[in-house]
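Step one of this worksheet: look at the structure below.
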Amino acid sequence: MKIFALLLLVVSLPALALEVDEKLTVRVVKTSESRKTLMVNRGTEDGLVEGDHAKFIVTAGIVARAVCVRVSPTRSVWSVYRLVNADFIVNDSVMTLKISPAVKITKDESQALVQEDTPTRAAADPTQLGIPLADGAQDLAAGAGGDDALSSADLKALEESNTPTIIPEKNMEIFGILNISGLTSSTKTDTGDNSFNNSQSYHHIGLGGEYYPQKEREWYSHFSLEANINLMRQNSQAYEGATSTNDVTEFALGINWHPTKLPSKTLDFIPYFHLGANMGSVKSTFSPGEENAGGPERSATGSTAGFSAGFGYKFYTQRGFGARALLDYYYRSESYGEDDQTDKFNKTVGGPRLMIGLGYRF
């Protein structure tokens with residue numbers, strides 16, 4: 001019951017992106033010659049994401065409507081599709097950005113929201129246009145906000161030269177987990193009459209895939225779906241030579257929740273919670289030792305079912321390569337068929353695990 005309550009709380013949490021009608025005070029860092037492309041000093045750290053639509057407003061009214069086409073932590077590039085008053089779109093000007101619903105863009109001027117405007121005078125000091133500078137607006141390094149306006153191509157090249165900090169377009173990931181020990185063991189009686197040699201090893205080979213939503217303004221953007229297959233084998237030998245081998249093939253489905261950072265973020269540690277369910281098959285084999293030297297080997301097959309829940313961290317590079325670490329509680333029940341004595345056996349395995357893996361997003 002507690003798990004269901006936790007899930008209800010999780011899905012009710014709002015996304016960190018800005019909602020419609022939310023506002024930001026922005027400063028124009030650069031503009032293109034046509035005033036149809038502009039860069040402002042707000043980015044993902046302020047809740048902006050690619051695809052946002054917004055109105056740019058000054059005290060005189062709406063200046064333009066635009067869509068966000070590129071974003072970094074402290075900068076965003078906007079493509080203007082309704083230009084109301086180009087005179088106010090100048091370097092260093094300060095205005096209000098208001099998130100708005102997406103507007104269907106049409107080339108039919110009779111259906112346009114407003115008649116597009118063209119500049120009537122050269123760029124001027126924003127204070128001369130009656131636009132006050134906001135606190136903290138002077139955040140550009142010296143020379144970065146010069147008087148020469150960039151062309152659209154130059155502005156695009158400038159943004160592309162920046163290191164990307166989010167990779168929402170890479171919303172598929174494959175990852176692998178590997179844990180192998182290749183030990184051997186040997187047992188010999190003090191009389192030398194009997195000796196036993198076997199493997200004392202363990203391996204866990206896992207291969208999985210994960211899907212991340214691309215629409216980062218939606219509430220579900222903090223969640224991802226995971227599926228994987230795990231092959232586990234454990235060999236052990238007791239002091240008197242008896243050995244046991246357990247082979248498990250397991251299929252698992254799970255959901256991951258990234259509460260504080262979107263999973264598209266790069267070069268940063270992303271915390272996440274994991275909840276999953278698993279099922280599969282198992283084969284258990286027993287070979288006697290000194291207590292019944294030369295006795296027959298016995299084996300049984302069965303089915304498995306269980307769950308896992310834990311907490312971990314992910315890390316991604318700009319190219320999509322990543323690593324993850326997960327500390328979880330793992331539980332598995334094993335149900336075996338009847339043996340030659342018509343007995344049925346049920347076995348449970350449970351406890352904490354620490355798993356580390358590598359992945360690639362594409």
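We label chains A, B, ... in the order they appear in the structure tokens, count residues from 1 in each chain, and number ligands from 1 in the order shown.
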Write out as a PDB file with C-alpha atoms, in the first residue's frame each polymer residue whose atoms come within 12 Å of Gly295 of chain A, counting only C-alpha atoms; drop sequence neighbours fewer than 5 positions from it.
ATOM      1  CA  GLY A 241      33.660 -31.429  -1.683  1.00  0.00           C
ATOM      2  CA  ALA A 242      29.893 -31.125  -2.170  1.00  0.00           C
ATOM      3  CA  PHE A 286      23.929 -30.646  -6.543  1.00  0.00           C
ATOM      4  CA  SER A 287      26.931 -33.012  -6.590  1.00  0.00           C
ATOM      5  CA  PRO A 288      27.825 -34.968  -3.391  1.00  0.00           C
ATOM      6  CA  GLY A 289      31.223 -34.805  -1.767  1.00  0.00           C
ATOM      7  CA  GLU A 290      33.064 -36.844   0.858  1.00  0.00           C
TER       8      GLU A 290
END
Inset, instruction - Please run DSSP on the backbone and report, as a VMD selection string, all residues within segment 171-295 of chain A that come out as strand (DSSP E or B). - result: chain A and resid 172 to 181 184 to 188 195 to 199 202 to 211 223 to 237 243 to 257 265 270 to 287
Create the file for the chosen residues now, containing C-alpha atoms and written as a JSON list (two decimals), in the first residue's frame.
[["chain", "number", "residue", "atom", "x", "y", "z"],
["A", 172, "MET", "CA", 16.98, 5.63, -26.32],
["A", 173, "GLU", "CA", 19.73, 3.93, -24.33],
["A", 174, "ILE", "CA", 21.35, 0.51, -24.30],
["A", 175, "PHE", "CA", 23.39, -0.45, -21.27],
["A", 176, "GLY", "CA", 25.26, -3.44, -19.93],
["A", 177, "ILE", "CA", 26.12, -4.79, -16.48],
["A", 178, "LEU", "CA", 29.00, -7.22, -15.94],
["A", 179, "ASN", "CA", 30.11, -8.93, -12.73],
["A", 180, "ILE", "CA", 32.39, -11.95, -13.18],
["A", 181, "SER", "CA", 34.67, -13.94, -10.88],
["A", 184, "THR", "CA", 38.31, -22.48, -8.71],
["A", 185, "SER", "CA", 38.37, -24.64, -5.60],
["A", 186, "SER", "CA", 39.98, -27.94, -4.57],
["A", 187, "THR", "CA", 39.23, -30.22, -1.60],
["A", 188, "LYS", "CA", 41.34, -33.17, -0.47],
["A", 195, "SER", "CA", 39.87, -35.15, -3.80],
["A", 196, "PHE", "CA", 37.30, -32.83, -5.38],
["A", 197, "ASN", "CA", 37.83, -29.97, -7.82],
["A", 198, "ASN", "CA", 35.22, -27.53, -9.04],
["A", 199, "SER", "CA", 34.47, -23.95, -9.94],
["A", 202, "TYR", "CA", 29.96, -16.16, -9.99],
["A", 203, "HIS", "CA", 28.86, -14.20, -13.02],
["A", 204, "HIS", "CA", 26.07, -11.75, -13.72],
["A", 205, "ILE", "CA", 25.75, -10.54, -17.29],
["A", 206, "GLY", "CA", 22.97, -8.05, -17.95],
["A", 207, "LEU", "CA", 21.87, -6.26, -21.11],
["A", 208, "GLY", "CA", 19.10, -3.68, -21.09],
["A", 209, "GLY", "CA", 17.42, -0.78, -22.82],
["A", 210, "GLU", "CA", 15.81, 2.40, -21.52],
["A", 211, "TYR", "CA", 13.37, 4.84, -23.09],
["A", 223, "PHE", "CA", 10.37, 9.15, -15.76],
["A", 224, "SER", "CA", 11.86, 6.47, -18.00],
["A", 225, "LEU", "CA", 10.99, 2.87, -18.83],
["A", 226, "GLU", "CA", 13.55, 0.09, -18.58],
["A", 227, "ALA", "CA", 13.71, -3.53, -19.76],
["A", 228, "ASN", "CA", 16.61, -5.95, -19.41],
["A", 229, "ILE", "CA", 17.68, -9.58, -19.43],
["A", 230, "ASN", "CA", 20.07, -11.03, -16.85],
["A", 231, "LEU", "CA", 22.07, -14.26, -16.92],
["A", 232, "MET", "CA", 23.34, -15.30, -13.48],
["A", 233, "ARG", "CA", 25.37, -18.37, -12.52],
["A", 234, "GLN", "CA", 26.80, -19.25, -9.13],
["A", 235, "ASN", "CA", 29.09, -22.18, -8.31],
["A", 236, "SER", "CA", 30.22, -23.08, -4.80],
["A", 237, "GLN", "CA", 32.00, -25.98, -3.13],
["A", 243, "THR", "CA", 29.12, -28.62, -4.91],
["A", 244, "SER", "CA", 26.07, -26.71, -6.03],
["A", 245, "THR", "CA", 25.38, -24.76, -9.19],
["A", 246, "ASN", "CA", 22.52, -22.34, -9.77],
["A", 247, "ASP", "CA", 21.74, -20.93, -13.22],
["A", 248, "VAL", "CA", 19.14, -18.14, -13.47],
["A", 249, "THR", "CA", 17.79, -16.52, -16.63],
["A", 250, "GLU", "CA", 15.72, -13.48, -15.71],
["A", 251, "PHE", "CA", 13.66, -10.92, -17.59],
["A", 252, "ALA", "CA", 12.89, -7.61, -15.87],
["A", 253, "LEU", "CA", 10.74, -4.52, -16.47],
["A", 254, "GLY", "CA", 11.07, -1.34, -14.47],
["A", 255, "ILE", "CA", 10.49, 2.38, -14.15],
["A", 256, "ASN", "CA", 13.05, 5.00, -13.16],
["A", 257, "TRP", "CA", 12.25, 8.38, -11.62],
["A", 265, "LYS", "CA", 21.40, 16.52, -18.62],
["A", 270, "ILE", "CA", 21.67, 12.56, -12.10],
["A", 271, "PRO", "CA", 20.05, 10.87, -9.08],
["A", 272, "TYR", "CA", 17.25, 8.41, -9.72],
["A", 273, "PHE", "CA", 14.96, 5.91, -8.00],
["A", 274, "HIS", "CA", 14.31, 2.48, -9.49],
["A", 275, "LEU", "CA", 11.39, 0.08, -9.14],
["A", 276, "GLY", "CA", 11.19, -3.13, -11.14],
["A", 277, "ALA", "CA", 9.70, -6.62, -11.39],
["A", 278, "ASN", "CA", 11.40, -9.75, -12.68],
["A", 279, "MET", "CA", 10.56, -13.30, -13.70],
["A", 280, "GLY", "CA", 12.41, -16.17, -15.33],
["A", 281, "SER", "CA", 13.71, -19.71, -14.95],
["A", 282, "VAL", "CA", 16.24, -21.45, -12.73],
["A", 283, "LYS", "CA", 18.20, -24.73, -12.71],
["A", 284, "SER", "CA", 19.82, -25.96, -9.51],
["A", 285, "THR", "CA", 22.35, -28.82, -9.50],
["A", 286, "PHE", "CA", 23.93, -30.65, -6.54],
["A", 287, "SER", "CA", 26.93, -33.01, -6.59]]
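By only C-alpha atoms, and with residues fewer than 4 positions from segment 35-42 of chain A along its chain excluded, the set lying at most 8 Å from it is Val26, Arg27, Val28, Val29, Lys30, Thr31, Asp46, Leu48, Pro73, Thr74, Arg75, Ser76, Val77, Trp78, Ser79, Val80, Tyr81, Leu83, Ala86, Ile89, Val90 and Ser152 of chain A.
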Inset, instruction - Give me, please, the distance in Å between atom CA of Tyr330 of chain A and atom CA of Ile356 of chain A, quoted to one decimal. - result: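 We find that atom CA of Tyr330 of chain A and atom CA of Ile356 of chain A lie 14.9 Å from each other.
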Inset, instruction - Show which residues sit within 9 Å of Thr96 of chain A, as a PyMOL selection string. Count only C-alpha atoms, and ignore same-chain residues fewer than 6 positions away. - result: chain A and resi 23-27+55-58
Inset, instruction - Might you pull out every residue within 8 Å of Ile166 of chain A, with only C-alpha atoms counted and same-chain residues fewer than 6 positions away left off, and present them as a VMD selection string? - result: chain A and resid 72 264 to 266 318
Would you export the selected residues with N, CA and C atoms as a PDB file, in the first residue's frame, please?
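again12.pdb written:
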ATOM      1  N   SER A  72      20.830  26.498 -23.811  1.00  0.00           N
ATOM      2  CA  SER A  72      21.940  26.048 -22.978  1.00  0.00           C
ATOM      3  C   SER A  72      21.607  26.492 -21.548  1.00  0.00           C
ATOM      4  N   SER A 264      18.135  14.059 -19.399  1.00  0.00           N
ATOM      5  CA  SER A 264      18.861  14.494 -20.594  1.00  0.00           C
ATOM      6  C   SER A 264      20.087  15.337 -20.261  1.00  0.00           C
ATOM      7  N   LYS A 265      20.301  15.645 -19.011  1.00  0.00           N
ATOM      8  CA  LYS A 265      21.404  16.517 -18.619  1.00  0.00           C
ATOM      9  C   LYS A 265      22.733  15.792 -18.771  1.00  0.00           C
ATOM     10  N   THR A 266      23.754  16.502 -19.233  1.00  0.00           N
ATOM     11  CA  THR A 266      25.070  15.908 -19.422  1.00  0.00           C
ATOM     12  C   THR A 266      26.081  16.514 -18.466  1.00  0.00           C
ATOM     13  N   GLN A 318      28.285  14.469 -23.673  1.00  0.00           N
ATOM     14  CA  GLN A 318      27.530  15.099 -24.754  1.00  0.00           C
ATOM     15  C   GLN A 318      27.304  14.163 -25.925  1.00  0.00           C
TER      16      GLN A 318
END
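A straight line drawn from atom CA of Ala305 of chain A to atom CA of Ser201 of chain A is 23.6 Å long.
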Inset, instruction - Point out the residue among A:Ala300, A:Val49, A:Tyr239, A:Asn85 with the least atom-to-atom distance to Glu218 of chain A, counting only C-alpha atoms. - result: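 Nearest candidate to Glu218 of chain A out of A:Ala300, A:Val49, A:Tyr239, A:Asn85: A:Val49.
Of the listed residues A:Thr44, A:Arg217, A:Gln200, A:Ser93, the one whose atoms come nearest to Gly182 of chain A is A:Gln200, with distances taken using only C-alpha atoms.
Atom CA of His53 of chain A to atom CA of Met95 of chain A spans 15.5 Å [interatomic distance, one decimal].
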